>>> print(open('query_8.txt').read())   # compact mmCIF, C-alpha atoms
# COMPACT_ATOMS: atom_id res chain seq x y z
CA MET T 490 0.00 0.00 0.00
CA ARG T 491 1.40 3.39 -1.02
CA PHE T 492 1.15 6.44 1.25
CA ASN T 493 1.17 10.07 0.20
CA ALA T 494 3.96 11.62 2.29
CA ALA T 495 2.56 15.15 2.10
CA ALA T 496 -0.90 14.04 3.18
CA LEU T 497 0.59 12.09 6.08
CA LEU T 498 2.62 15.09 7.20
CA LEU T 499 -0.44 17.34 7.00
CA ALA T 500 -2.49 14.89 9.06
CA VAL T 501 0.19 14.62 11.72
CA SER T 502 0.55 18.41 11.89
CA VAL T 503 -3.19 18.98 12.24
CA GLY T 504 -3.35 16.30 14.90
CA LEU T 505 -0.53 17.85 16.87
CA TRP T 506 -2.08 21.27 16.51
CA GLY T 507 -5.39 19.96 17.83
CA CYS T 508 -3.66 18.34 20.80
CA SER T 509 -1.58 21.40 21.53
CA THR T 510 -4.49 23.85 21.51
CA GLN T 511 -6.15 21.86 24.26
CA THR T 512 -3.27 22.73 26.62
CA LEU T 513 -3.10 26.43 25.74
CA PRO T 514 -4.47 29.02 28.15
CA ASP T 515 -7.62 30.82 27.15
CA ALA T 516 -7.16 33.82 24.88
CA ASP T 517 -8.26 36.26 27.55
CA PRO T 518 -5.72 38.96 28.33
CA GLN T 519 -8.61 40.99 29.81
CA SER T 520 -8.34 43.62 27.16
CA GLU T 521 -10.38 46.79 26.90
CA LEU T 522 -9.28 47.25 23.27
CA SER T 523 -9.64 45.11 20.19
CA SER T 524 -8.10 47.08 17.31
CA LEU T 525 -6.38 50.30 16.32
CA ALA T 526 -9.75 52.03 16.56
CA TRP T 527 -8.42 53.74 19.68
CA LYS T 528 -6.77 56.33 17.43
CA MET T 529 -10.13 57.30 15.98
CA ARG T 530 -11.68 57.54 19.44
CA VAL T 531 -8.88 59.80 20.65
CA ALA T 532 -9.33 62.07 17.63
CA GLU T 533 -13.01 62.48 18.47
CA LEU T 534 -12.42 63.72 22.03
CA ALA T 535 -13.48 67.21 23.00
CA ASP T 536 -10.71 69.79 22.93
CA ALA T 537 -9.60 71.48 26.12
CA THR T 538 -9.87 75.23 26.54
CA ILE T 539 -6.17 75.43 27.38
CA ASP T 540 -2.97 75.74 25.41
CA TRP T 541 0.54 77.12 25.71
CA SER T 542 -0.44 80.44 24.13
CA SER T 543 -2.46 81.25 27.27
CA PHE T 544 0.71 82.69 28.82
CA ARG T 545 1.00 85.23 25.99
CA ASP T 546 4.76 85.54 26.26
CA PRO T 547 6.58 85.76 22.88
CA GLU T 548 9.97 85.22 24.51
CA LEU T 549 8.78 82.00 26.15
CA GLU T 550 7.27 80.80 22.88
CA ALA T 551 10.57 81.43 21.09
CA LEU T 552 12.47 79.43 23.74
CA ILE T 553 10.02 76.55 23.47
CA ASP T 554 10.31 76.55 19.68
CA ARG T 555 14.07 76.45 19.90
CA SER T 556 14.02 73.59 22.40
CA LEU T 557 11.71 71.59 20.13
CA SER T 558 14.23 71.82 17.31
CA HIS T 559 17.59 71.70 19.14
CA ASN T 560 17.13 69.61 22.28
CA PRO T 561 18.93 66.22 22.08
CA ASP T 562 15.92 64.42 23.57
CA ILE T 563 13.85 65.51 20.59
CA THR T 564 16.53 64.22 18.21
CA THR T 565 16.60 60.89 20.02
CA ALA T 566 12.81 60.58 19.87
CA VAL T 567 12.76 61.45 16.16
CA GLU T 568 15.43 58.86 15.36
CA SER T 569 13.53 56.25 17.39
CA LEU T 570 10.48 57.03 15.26
CA ASN T 571 12.54 56.67 12.08
CA LEU T 572 13.88 53.34 13.33
CA SER T 573 10.37 52.03 14.01
CA ARG T 574 9.33 53.06 10.49
CA VAL T 575 12.22 51.03 9.10
CA GLY T 576 10.93 48.08 11.12
CA LEU T 577 7.47 48.58 9.61
CA ASP T 578 8.90 48.58 6.09
CA GLU T 579 10.78 45.41 6.95
CA ALA T 580 7.66 43.70 8.29
CA ARG T 581 5.72 44.61 5.15
CA ALA T 582 8.53 43.41 2.90
CA ALA T 583 8.61 40.06 4.71
CA ARG T 584 5.12 39.31 3.37
CA GLY T 585 6.36 39.31 -0.22
CA ILE T 586 8.18 36.80 -2.39
CA VAL T 587 11.84 36.16 -1.59
CA TYR T 588 14.11 35.86 -4.61
CA SER T 589 17.63 34.46 -4.50
CA ALA T 590 20.39 33.49 -6.88
CA VAL T 591 22.89 30.72 -6.18
CA ALA T 592 26.15 29.90 -7.92
CA ALA T 593 27.90 26.77 -6.64
CA ALA T 594 30.90 24.63 -7.47
CA GLY T 595 32.06 21.56 -5.64
CA ALA T 596 33.77 18.22 -5.75
CA GLY T 597 33.12 14.97 -3.97
CA LYS T 598 34.20 11.35 -3.79
CA ILE T 599 32.52 8.22 -2.63
CA ARG T 600 34.66 5.27 -1.53
CA ASP T 601 35.76 2.99 -4.38
CA LEU T 602 34.16 5.37 -6.90
CA PRO T 603 35.85 8.07 -8.95
CA SER T 604 35.67 11.64 -7.76
CA THR T 605 32.98 13.91 -9.23
CA GLU T 606 32.68 17.63 -9.81
CA THR T 607 29.49 19.69 -9.91
CA TYR T 608 28.74 23.19 -11.14
CA SER T 609 25.41 24.96 -10.88
CA LEU T 610 23.79 28.35 -11.44
CA SER T 611 20.20 28.74 -10.30
CA GLY T 612 17.53 31.16 -9.21
CA GLN T 613 15.00 30.49 -6.47
CA ALA T 614 11.75 32.11 -5.39
CA SER T 615 9.83 31.30 -2.20
CA TYR T 616 6.69 32.57 -0.56
CA GLU T 617 5.33 31.77 2.88
CA VAL T 618 1.58 31.37 2.75
CA ASP T 619 0.18 33.38 5.65
CA VAL T 620 -2.41 30.77 6.56
CA TRP T 621 -2.53 31.67 10.25
CA GLY T 622 -1.99 35.43 9.92
CA ARG T 623 1.47 35.49 11.47
CA ARG T 624 2.92 37.84 8.87
CA ARG T 625 -0.12 40.08 9.05
CA THR T 626 0.25 40.27 12.82
CA ASP T 627 3.94 41.16 12.41
CA VAL T 628 2.87 44.16 10.31
CA GLU T 629 0.27 45.18 12.89
CA LEU T 630 2.87 44.96 15.65
CA ALA T 631 5.27 47.08 13.60
CA GLU T 632 2.51 49.65 13.07
CA ILE T 633 1.94 49.74 16.82
CA ASP T 634 5.67 50.30 17.35
CA VAL T 635 5.45 53.30 15.02
CA ASN T 636 2.46 54.65 16.96
CA ASP T 637 4.33 54.11 20.21
CA ALA T 638 7.33 56.03 18.88
CA GLU T 639 5.07 58.86 17.67
CA LEU T 640 3.54 59.12 21.13
CA SER T 641 6.98 59.07 22.73
CA LEU T 642 7.94 62.03 20.56
CA LEU T 643 4.75 63.84 21.52
CA SER T 644 5.34 63.12 25.20
CA THR T 645 8.90 64.44 24.87
CA ARG T 646 7.61 67.65 23.28
CA ILE T 647 5.10 68.22 26.08
CA SER T 648 7.60 67.48 28.84
CA LEU T 649 10.20 69.70 27.21
CA ALA T 650 7.77 72.62 26.85
CA ALA T 651 6.80 72.26 30.51
CA GLU T 652 10.45 72.19 31.62
CA VAL T 653 11.28 75.28 29.54
CA ALA T 654 8.28 77.20 30.87
CA ASP T 655 9.09 76.27 34.45
CA ALA T 656 12.75 77.28 34.09
CA TYR T 657 11.82 80.50 32.30
CA TYR T 658 9.36 81.74 34.90
CA SER T 659 11.57 80.61 37.78
CA LEU T 660 14.39 82.67 36.29
CA ARG T 661 12.11 85.69 35.85
CA VAL T 662 11.02 85.44 39.48
CA PHE T 663 14.65 85.29 40.57
CA ASP T 664 15.24 88.49 38.58
CA GLU T 665 12.42 90.22 40.39
CA ARG T 666 13.48 88.93 43.79
CA LEU T 667 16.98 90.24 43.09
CA LYS T 668 15.49 93.66 42.35
CA LEU T 669 13.62 93.58 45.65
CA GLN T 670 16.65 92.46 47.65
CA ARG T 671 18.84 95.10 46.04
CA GLU T 672 16.19 97.68 46.85
CA SER T 673 16.19 96.43 50.44
CA LEU T 674 19.99 96.68 50.49
CA LEU T 675 19.77 100.32 49.37
CA TYR T 676 17.37 101.05 52.21
CA ALA T 677 19.75 99.35 54.65
CA LEU T 678 22.77 101.30 53.36
CA GLU T 679 20.89 104.58 53.62
CA GLN T 680 19.90 103.70 57.15
CA GLN T 681 23.50 102.76 57.91
CA LYS T 682 24.59 106.27 56.94
CA ARG T 683 21.95 107.78 59.23
CA ILE T 684 23.07 105.59 62.12
CA GLU T 685 26.71 106.52 61.58
CA ALA T 686 25.77 110.18 61.58
CA ARG T 687 23.79 109.77 64.79
CA TYR T 688 26.71 107.82 66.29
CA ARG T 689 29.08 110.67 65.48
CA ALA T 690 26.59 113.02 67.11
CA GLY T 691 26.61 110.79 70.20
CA ILE T 692 22.93 109.92 69.94
CA VAL T 693 23.35 106.12 69.52
CA SER T 694 25.97 103.60 70.65
CA GLY T 695 28.30 101.46 68.58
CA ILE T 696 25.96 98.50 69.02
CA ALA T 697 23.52 100.13 66.62
CA ILE T 698 26.27 100.40 63.99
CA ASN T 699 27.24 96.76 64.43
CA ASN T 700 23.64 95.58 64.21
CA GLN T 701 23.11 97.51 60.99
CA GLU T 702 26.36 96.14 59.53
CA VAL T 703 25.14 92.59 60.25
CA LEU T 704 21.90 93.37 58.45
CA VAL T 705 23.73 94.77 55.42
CA GLN T 706 25.95 91.68 55.16
CA GLN T 707 22.94 89.41 55.48
CA LEU T 708 21.28 91.18 52.57
CA ARG T 709 24.43 90.92 50.47
CA ALA T 710 24.64 87.18 51.22
CA ALA T 711 20.99 86.78 50.24
CA ILE T 712 21.65 88.58 46.96
CA ALA T 713 24.64 86.33 46.24
CA ASP T 714 22.51 83.25 46.89
CA LEU T 715 19.80 84.51 44.56
CA GLU T 716 22.36 85.29 41.86
CA GLY T 717 23.69 81.73 42.14
CA SER T 718 20.19 80.26 41.93
CA ARG T 719 19.42 82.43 38.91
CA SER T 720 22.60 81.25 37.22
CA LEU T 721 21.55 77.63 37.74
CA GLN T 722 18.14 78.30 36.19
CA GLU T 723 19.81 80.05 33.26
CA ASP T 724 22.10 77.05 32.74
CA ARG T 725 19.08 74.74 32.92
CA LEU T 726 17.27 76.81 30.31
CA ALA T 727 20.35 76.77 28.05
CA VAL T 728 20.57 72.97 28.14
CA LEU T 729 16.83 72.61 27.53
CA THR T 730 17.13 74.75 24.41
CA GLY T 731 20.13 72.75 23.21
CA GLN T 732 22.79 75.39 23.84
CA PRO T 733 26.00 75.37 25.89
CA PRO T 734 25.47 77.27 29.16
CA GLN T 735 28.60 79.33 28.48
CA SER T 736 27.08 80.85 25.34
CA PHE T 737 23.57 81.44 26.65
CA ALA T 738 22.33 84.49 28.51
CA LEU T 739 18.84 85.75 29.19
CA SER T 740 18.78 89.41 30.14
CA PRO T 741 16.43 90.50 32.92
CA ALA T 742 13.12 91.79 31.64
CA ALA T 743 12.44 95.50 31.92
CA ALA T 744 9.17 94.73 33.68
CA LEU T 745 7.98 91.44 35.10
CA ARG T 746 4.65 90.13 33.88
CA LEU T 747 3.57 86.91 35.53
CA PRO T 748 0.27 85.74 34.08
CA PHE T 749 -1.98 84.26 36.74
CA VAL T 750 -4.20 82.10 34.56
CA GLN T 751 -6.83 79.69 35.75
CA LEU T 752 -6.71 76.88 33.23
CA ALA T 753 -9.42 74.24 33.31
CA PRO T 754 -10.38 71.64 30.70
CA ASN T 755 -13.97 71.30 29.55
CA THR T 756 -14.20 67.56 30.16
CA PRO T 757 -11.23 66.36 32.26
CA ALA T 758 -12.15 62.65 32.23
CA GLU T 759 -12.31 62.53 28.44
CA VAL T 760 -9.50 64.97 27.70
CA LEU T 761 -7.17 62.75 29.71
CA ARG T 762 -7.36 60.27 26.84
CA ARG T 763 -5.28 62.77 24.87
CA ARG T 764 -2.30 62.22 27.16
CA PRO T 765 0.51 60.48 25.28
CA ASP T 766 1.32 58.19 28.20
CA ILE T 767 -2.27 56.91 28.32
CA GLN T 768 -2.31 56.41 24.57
CA GLN T 769 1.02 54.61 24.85
CA ALA T 770 -0.42 52.36 27.54
CA GLU T 771 -3.32 51.59 25.21
CA VAL T 772 -1.17 50.69 22.22
CA ARG T 773 1.15 48.62 24.40
CA LEU T 774 -1.85 46.77 25.76
CA LEU T 775 -2.96 46.07 22.21
CA SER T 776 0.58 45.00 21.29
CA SER T 777 0.70 42.56 24.21
CA GLU T 778 -2.59 41.02 23.07
CA LEU T 779 -1.29 40.56 19.54
CA ARG T 780 1.91 39.02 20.85
CA PHE T 781 -0.16 36.67 22.96
CA GLU T 782 -2.06 35.55 19.85
CA GLN T 783 1.21 35.37 17.94
CA ALA T 784 2.72 33.07 20.56
CA LYS T 785 -0.24 30.72 20.21
CA ARG T 786 0.19 30.57 16.45
CA ALA T 787 3.69 29.16 16.93
CA PHE T 788 1.97 25.77 17.35
CA PHE T 789 0.68 25.94 13.79
CA PRO T 790 2.71 24.56 10.85
CA THR T 791 4.42 26.80 8.31
CA VAL T 792 3.39 26.51 4.65
CA THR T 793 5.91 27.67 2.04
CA ILE T 794 5.68 27.57 -1.75
CA SER T 795 8.96 27.65 -3.62
CA GLY T 796 10.23 27.24 -7.14
CA GLY T 797 13.42 27.62 -9.05
CA THR T 798 15.21 27.16 -12.27
CA GLY T 799 18.86 26.90 -13.17
CA LEU T 800 21.76 25.15 -14.83
CA ALA T 801 23.75 22.25 -13.44
CA SER T 802 26.57 20.18 -14.94
CA ALA T 803 29.47 17.96 -13.96
CA ASP T 804 31.67 19.91 -16.40
CA LEU T 805 32.08 23.66 -16.21
CA GLY T 806 32.29 23.86 -20.00
CA ASP T 807 28.88 22.22 -20.39
CA LEU T 808 27.17 24.43 -17.81
CA LEU T 809 25.52 26.68 -20.42
CA ASP T 810 24.26 23.86 -22.63
CA ASP T 811 20.55 23.33 -23.06
CA THR T 812 20.87 19.91 -21.49
CA SER T 813 22.03 21.47 -18.22
CA TRP T 814 18.78 23.34 -17.65
CA SER T 815 16.47 22.21 -14.86
CA TRP T 816 13.53 23.52 -12.83
CA ASN T 817 11.62 22.66 -9.71
CA ILE T 818 8.49 23.70 -7.86
CA GLY T 819 7.04 22.50 -4.62
CA ALA T 820 5.39 23.22 -1.31
CA ASP T 821 6.71 22.64 2.20
CA LEU T 822 4.66 22.02 5.29
CA ILE T 823 6.88 22.33 8.36
CA THR T 824 5.87 21.83 11.96
CA THR T 825 7.77 21.32 15.18
CA LEU T 826 6.91 18.06 16.89
CA LEU T 827 8.79 18.39 20.18
CA ASP T 828 10.34 21.54 21.62
CA THR T 829 10.56 20.66 25.35
CA GLY T 830 7.72 23.09 26.12
CA VAL T 831 9.33 26.20 24.64
CA ARG T 832 6.20 27.34 22.81
CA GLY T 833 3.98 26.72 25.79
CA ARG T 834 6.23 28.81 28.00
CA ASN T 835 6.24 31.55 25.37
CA VAL T 836 2.45 31.57 25.43
CA GLU T 837 2.37 31.82 29.21
CA ARG T 838 4.99 34.56 29.11
CA ALA T 839 2.91 36.51 26.57
CA ARG T 840 -0.23 36.06 28.68
CA ILE T 841 1.53 37.43 31.75
CA ALA T 842 2.90 40.36 29.73
CA ALA T 843 -0.65 41.14 28.53
CA ALA T 844 -1.92 41.14 32.12
CA GLN T 845 0.93 43.47 33.12
CA SER T 846 0.10 45.80 30.24
CA LEU T 847 -3.50 45.97 31.39
CA ALA T 848 -2.37 46.83 34.93
CA ALA T 849 -0.03 49.50 33.53
CA TYR T 850 -2.89 50.94 31.48
CA ARG T 851 -5.13 51.22 34.52
CA ARG T 852 -2.27 52.66 36.56
CA SER T 853 -1.62 55.34 33.92
CA ILE T 854 -5.28 56.39 34.02
CA LEU T 855 -5.26 56.67 37.82
CA ALA T 856 -2.01 58.63 37.71
CA ALA T 857 -3.46 60.98 35.09
CA LEU T 858 -6.55 61.62 37.18
CA GLN T 859 -4.36 62.31 40.18
CA ASP T 860 -2.15 64.71 38.19
CA VAL T 861 -5.09 66.73 36.92
CA GLU T 862 -6.89 66.85 40.26
CA GLY T 863 -3.67 67.84 41.99
CA ALA T 864 -2.99 70.65 39.50
CA LEU T 865 -6.57 71.95 39.72
CA ASN T 866 -6.50 71.85 43.51
CA GLN T 867 -3.15 73.63 43.58
CA GLN T 868 -4.50 76.33 41.32
CA GLU T 869 -7.48 76.83 43.59
CA VAL T 870 -5.28 76.99 46.69
CA ASN T 871 -2.91 79.44 45.00
CA LEU T 872 -5.82 81.62 43.94
CA ARG T 873 -7.10 81.89 47.52
CA ARG T 874 -3.57 82.44 48.82
CA PHE T 875 -2.95 85.09 46.19
CA GLU T 876 -6.04 87.06 47.20
CA ILE T 877 -5.08 86.93 50.88
CA GLN T 878 -1.48 87.96 50.22
CA ARG T 879 -2.61 90.73 47.89
CA LEU T 880 -4.70 92.21 50.70
CA GLN T 881 -1.77 91.80 53.09
CA LEU T 882 0.51 93.58 50.63
CA GLU T 883 -1.94 96.48 50.28
CA ALA T 884 -2.19 96.78 54.07
CA GLN T 885 1.61 96.67 54.44
CA ALA T 886 2.01 99.30 51.72
CA ARG T 887 -0.38 101.62 53.59
CA LEU T 888 1.48 101.00 56.85
CA THR T 889 4.83 101.74 55.19
CA ARG T 890 3.55 105.01 53.74
CA GLU T 891 2.20 106.05 57.11
CA THR T 892 5.52 105.18 58.75
CA GLU T 893 7.39 107.27 56.17
CA GLU T 894 5.15 110.27 56.93
CA ARG T 895 5.61 109.84 60.68
CA TYR T 896 9.37 109.47 60.20
CA ARG T 897 9.49 112.81 58.36
CA LEU T 898 7.64 114.34 61.29
CA GLY T 899 10.07 112.73 63.73
CA ALA T 900 7.39 110.56 65.34
CA VAL T 901 9.16 107.24 64.66
CA SER T 902 12.77 106.18 64.41
CA GLY T 903 14.65 105.21 61.30
CA PHE T 904 14.80 101.65 62.60
CA GLU T 905 11.02 101.41 62.45
CA LEU T 906 10.96 102.84 58.94
CA VAL T 907 13.55 100.34 57.71
CA ARG T 908 11.68 97.50 59.40
CA GLN T 909 8.42 98.42 57.65
CA GLN T 910 10.18 98.84 54.32
CA ARG T 911 11.74 95.38 54.70
CA ASN T 912 8.34 93.95 55.62
CA LEU T 913 6.90 95.45 52.46
CA ILE T 914 9.64 93.88 50.34
CA ALA T 915 9.12 90.52 52.08
CA GLN T 916 5.38 90.70 51.31
CA ARG T 917 6.15 91.46 47.67
CA GLU T 918 8.51 88.48 47.54
CA GLN T 919 5.89 86.25 49.09
CA LEU T 920 3.33 87.36 46.53
CA LEU T 921 5.86 86.69 43.76
CA ASN T 922 6.40 83.15 44.98
CA THR T 923 2.63 82.56 45.07
CA GLU T 924 2.31 83.85 41.52
CA LEU T 925 5.11 81.51 40.45
CA ALA T 926 3.38 78.57 42.17
CA GLY T 927 0.20 79.45 40.27
CA ILE T 928 2.06 79.46 36.96
CA GLN T 929 3.73 76.17 37.81
CA ALA T 930 0.32 74.66 38.59
CA SER T 931 -0.94 75.85 35.20
CA ILE T 932 2.12 74.34 33.52
CA GLN T 933 1.51 71.10 35.39
CA LEU T 934 -2.11 71.08 34.22
CA LEU T 935 -1.06 71.58 30.60
CA ARG T 936 1.33 68.68 31.03
CA ALA T 937 -1.21 66.55 32.89
CA VAL T 938 -3.87 66.94 30.22
CA GLY T 939 -1.37 66.30 27.44
CA ILE T 940 -1.53 69.57 25.52
CA ALA T 941 1.28 69.73 22.98
CA PRO T 942 2.99 73.02 22.07
>>> encode(input="query_8.txt", output="structure tokens")
Amino acid sequence: MRFNAAALLLAVSVGLWGCSTQTLPDADPQSELSSLAWKMRVAELADATIDWSSFRDPELEALIDRSLSHNPDITTAVESLNLSRVGLDEARAARGIVYSAVAAAGAGKIRDLPSTETYSLSGQASYEVDVWGRRRTDVELAEIDVNDAELSLLSTRISLAAEVADAYYSLRVFDERLKLQRESLLYALEQQKRIEARYRAGIVSGIAINNQEVLVQQLRAAIADLEGSRSLQEDRLAVLTGQPPQSFALSPAAALRLPFVQLAPNTPAEVLRRRPDIQQAEVRLLSSELRFEQAKRAFFPTVTISGGTGLASADLGDLLDDTSWSWNIGADLITTLLDTGVRGRNVERARIAAAQSLAAYRRSILAALQDVEGALNQQEVNLRRFEIQRLQLEAQARLTRETEERYRLGAVSGFELVRQQRNLIAQREQLLNTELAGIQASIQLLRAVGIAP
């Protein structure tokens, strides 16, 4: 009785496949996604009523633009995107026909027989029939990698814009605080002259001079500290914009304008879906599902169709004769019978990775909600604090003016006047810091909602 070898191999492969699928875990990675339709859903989300132009600062916008074109992190993200696109092209090309050319020459000898020589020149073509969708899944995974890289680039842009804005406004606040401290130092120096004059007149003791000298040195130390902190912020801003710190300088502004903007999205829960990290968690969840399915398909046999034609001869001189021509065509069905459980472990590994991706997706959503709520709460707190400190500053300004009038009338000492002037400057500094905290909360909200510059 004659057996068809191909039919037997097919039967054995199908039988093994049937047995193997009975031991596979269920295809349930607990996914909330099923296709790349997530991109369409994200595009349909309501826009937020916030953007980076809300600060209305041309100088800041120019610095952000420069950072988006010169920062090394942007370059790295762009090249990662280009690399993923190469991988996509490679995955698509793998679905086509593979052509090859072979030229061979050799010699051999079998015991007690004369030696033989062989020469051949042939061309081959092969094509893997994507019966189980493995190649198609490879393309889908490569497309997901491209989407992931695009989102990484977007996330880098948002983070970079936030860092630049934070450094810029921190530097501007340092400039203003330096103005206030220098103004306070001028008051202290003027008062020092008055005390020295009164000391020469015998009105005050040397203790008063020493106390005032301590105050002056404290102010100078505070100014030096602020200048050092400003220099660090300037260096940070230089690096963020892709420039060497030695060649970067940002001159103090003629007048400080700190926008106190209350930014709030229309629909926070939905707008959060625009965040790149959440979208990345979604595509990675989808990728883990596809890899789980891909691992299961490793149990299926591979079907390949191949054909070739060429010339072969035992004599190099006869290689181009018509009699040396030959051709072949055929199909291969290849399956792995025993692999010591490698494929099963790969399936289990892919299932665990899918479960981890789901947990990461949920974690990213919770973190996003926390970020937005925290930024909104901080803005609200800063707004209340700002109003209180503004009233305190107005009251201190009135008290300082009254003290100045009483000092001119001789009703209060110069010490009291200097003390009230210093209190006024301290209140102005405190209000500046609150304004900066409000701006930083707005920057954090822009970052938390995922608004790109």
>>> closest_residue(input="query_8.txt", among="T:Val870, T:Ile692, T:Leu827, T:Leu935", to="Ala650 of chain T", atoms="only C-alpha atoms")
T:Leu935
>>> residues_around(input="query_8.txt", residues="Tyr896 of chain T", least_positions_apart="6", cutoff="9 Å", atoms="all atoms listed in the file", output="number ranges by chain")
T: 902-903, 905-906
>>> atom_distance(input="query_8.txt", atom1="atom CA of Thr564 of chain T", atom2="atom CA of Arg725 of chain T")
18.3 Å
>>> closest_residue(input="query_8.txt", among="T:Ala590, T:Glu548, T:Gln859, T:Arg709", to="Pro741 of chain T", atoms="only C-alpha atoms")
T:Glu548
>>> atom_distance(input="query_8.txt", atom1="atom CA of Arg545 of chain T", atom2="atom CA of Ala926 of chain T")
17.7 Å
>>> atom_distance(input="query_8.txt", atom1="atom CA of Ile696 of chain T", atom2="atom CA of Leu678 of chain T")
16.2 Å
>>> closest_residue(input="query_8.txt", among="T:Ser931, T:Leu925, T:Asp546, T:Gly796", to="Trp816 of chain T", atoms="all atoms listed in the file")
T:Gly796
>>> closest_residue(input="query_8.txt", among="T:Leu667, T:Ala727, T:Val635, T:Ile932", to="Ala915 of chain T", atoms="only C-alpha atoms")
T:Leu667
>>> closest_residue(input="query_8.txt", among="T:Ser673, T:Ser543, T:Asn560, T:Gln916", to="Val728 of chain T", atoms="only C-alpha atoms")
T:Asn560
>>> closest_residue(input="query_8.txt", among="T:Arg762, T:Lys598, T:Arg689, T:Arg746", to="Glu665 of chain T", atoms="only C-alpha atoms")
T:Arg746
>>> residues_around(input="query_8.txt", residues="Thr889 of chain T", least_positions_apart="5", cutoff="9 Å", atoms="all atoms listed in the file", output="JSON, numbers by chain")
{"T": [884, 894, 906, 909, 910, 912, 913]}
>>> write_last_selection(input="query_8.txt", atoms="C-alpha atoms", output="PDB file, in the frame of the given file")
ATOM      1  CA  ALA T 884      -2.190  96.780  54.070  1.00  0.00           C
ATOM      2  CA  GLU T 894       5.150 110.270  56.930  1.00  0.00           C
ATOM      3  CA  LEU T 906      10.960 102.840  58.940  1.00  0.00           C
ATOM      4  CA  GLN T 909       8.420  98.420  57.650  1.00  0.00           C
ATOM      5  CA  GLN T 910      10.180  98.840  54.320  1.00  0.00           C
ATOM      6  CA  ASN T 912       8.340  93.950  55.620  1.00  0.00           C
ATOM      7  CA  LEU T 913       6.900  95.450  52.460  1.00  0.00           C
TER       8      LEU T 913
END
>>> residues_around(input="query_8.txt", residues="Ile712 of chain T", least_positions_apart="6", cutoff="10 Å", atoms="all atoms listed in the file", output="ChimeraX atom specification")
/T:666-671,674,706,718
>>> axis_aligned_box(input="query_8.txt", around="segment 899-912 of chain T", padding_each_side="6 Å", output="lines of an AutoDock Vina configuration file")
center_x = 11.1
center_y = 103.3
center_z = 59.8
size_x = 19.4
size_y = 30.8
size_z = 23.0
>>> residues_near_point(input="query_8.txt", point="(3.6, 41.5, 10.8)", cutoff="12 Å", atoms="only C-alpha atoms", output="list in words")
Gly576, Leu577, Asp578, Glu579, Ala580, Arg581, Ala582, Ala583, Arg584, Gly585, Asp619, Trp621, Gly622, Arg623, Arg624, Arg625, Thr626, Asp627, Val628, Glu629, Leu630, Ala631, Glu632, Ile633, Asp634, Ser776, Leu779, Arg780 and Gln783 of chain T
>>> residues_around(input="query_8.txt", residues="Gln701 of chain T", least_positions_apart="2", cutoff="9 Å", atoms="all atoms listed in the file", output="PyMOL selection string")
chain T and resi 677-678+680-681+684+696-699+703-706
>>> residues_around(input="query_8.txt", residues="Ser720 of chain T", least_positions_apart="4", cutoff="12 Å", atoms="all atoms listed in the file", output="list in words")
Ala656, Tyr657, Ser659, Leu660, Arg661, Phe663, Asp664, Ala713, Asp714, Leu715, Glu716, Asp724, Arg725, Leu726, Ala727, Pro734, Gln735, Phe737, Ala738, Leu739, Ser740 and Pro741 of chain T
>>> write_last_selection(input="query_8.txt", atoms="C-alpha atoms", output="compact mmCIF listing (two decimals), in the frame of the given file")
# COMPACT_ATOMS: atom_id res chain seq x y z
CA ALA T 656 12.75 77.28 34.09
CA TYR T 657 11.82 80.50 32.30
CA SER T 659 11.57 80.61 37.78
CA LEU T 660 14.39 82.67 36.29
CA ARG T 661 12.11 85.69 35.85
CA PHE T 663 14.65 85.29 40.57
CA ASP T 664 15.24 88.49 38.58
CA ALA T 713 24.64 86.33 46.24
CA ASP T 714 22.51 83.25 46.89
CA LEU T 715 19.80 84.51 44.56
CA GLU T 716 22.36 85.29 41.86
CA ASP T 724 22.10 77.05 32.74
CA ARG T 725 19.08 74.74 32.92
CA LEU T 726 17.27 76.81 30.31
CA ALA T 727 20.35 76.77 28.05
CA PRO T 734 25.47 77.27 29.16
CA GLN T 735 28.60 79.33 28.48
CA PHE T 737 23.57 81.44 26.65
CA ALA T 738 22.33 84.49 28.51
CA LEU T 739 18.84 85.75 29.19
CA SER T 740 18.78 89.41 30.14
CA PRO T 741 16.43 90.50 32.92
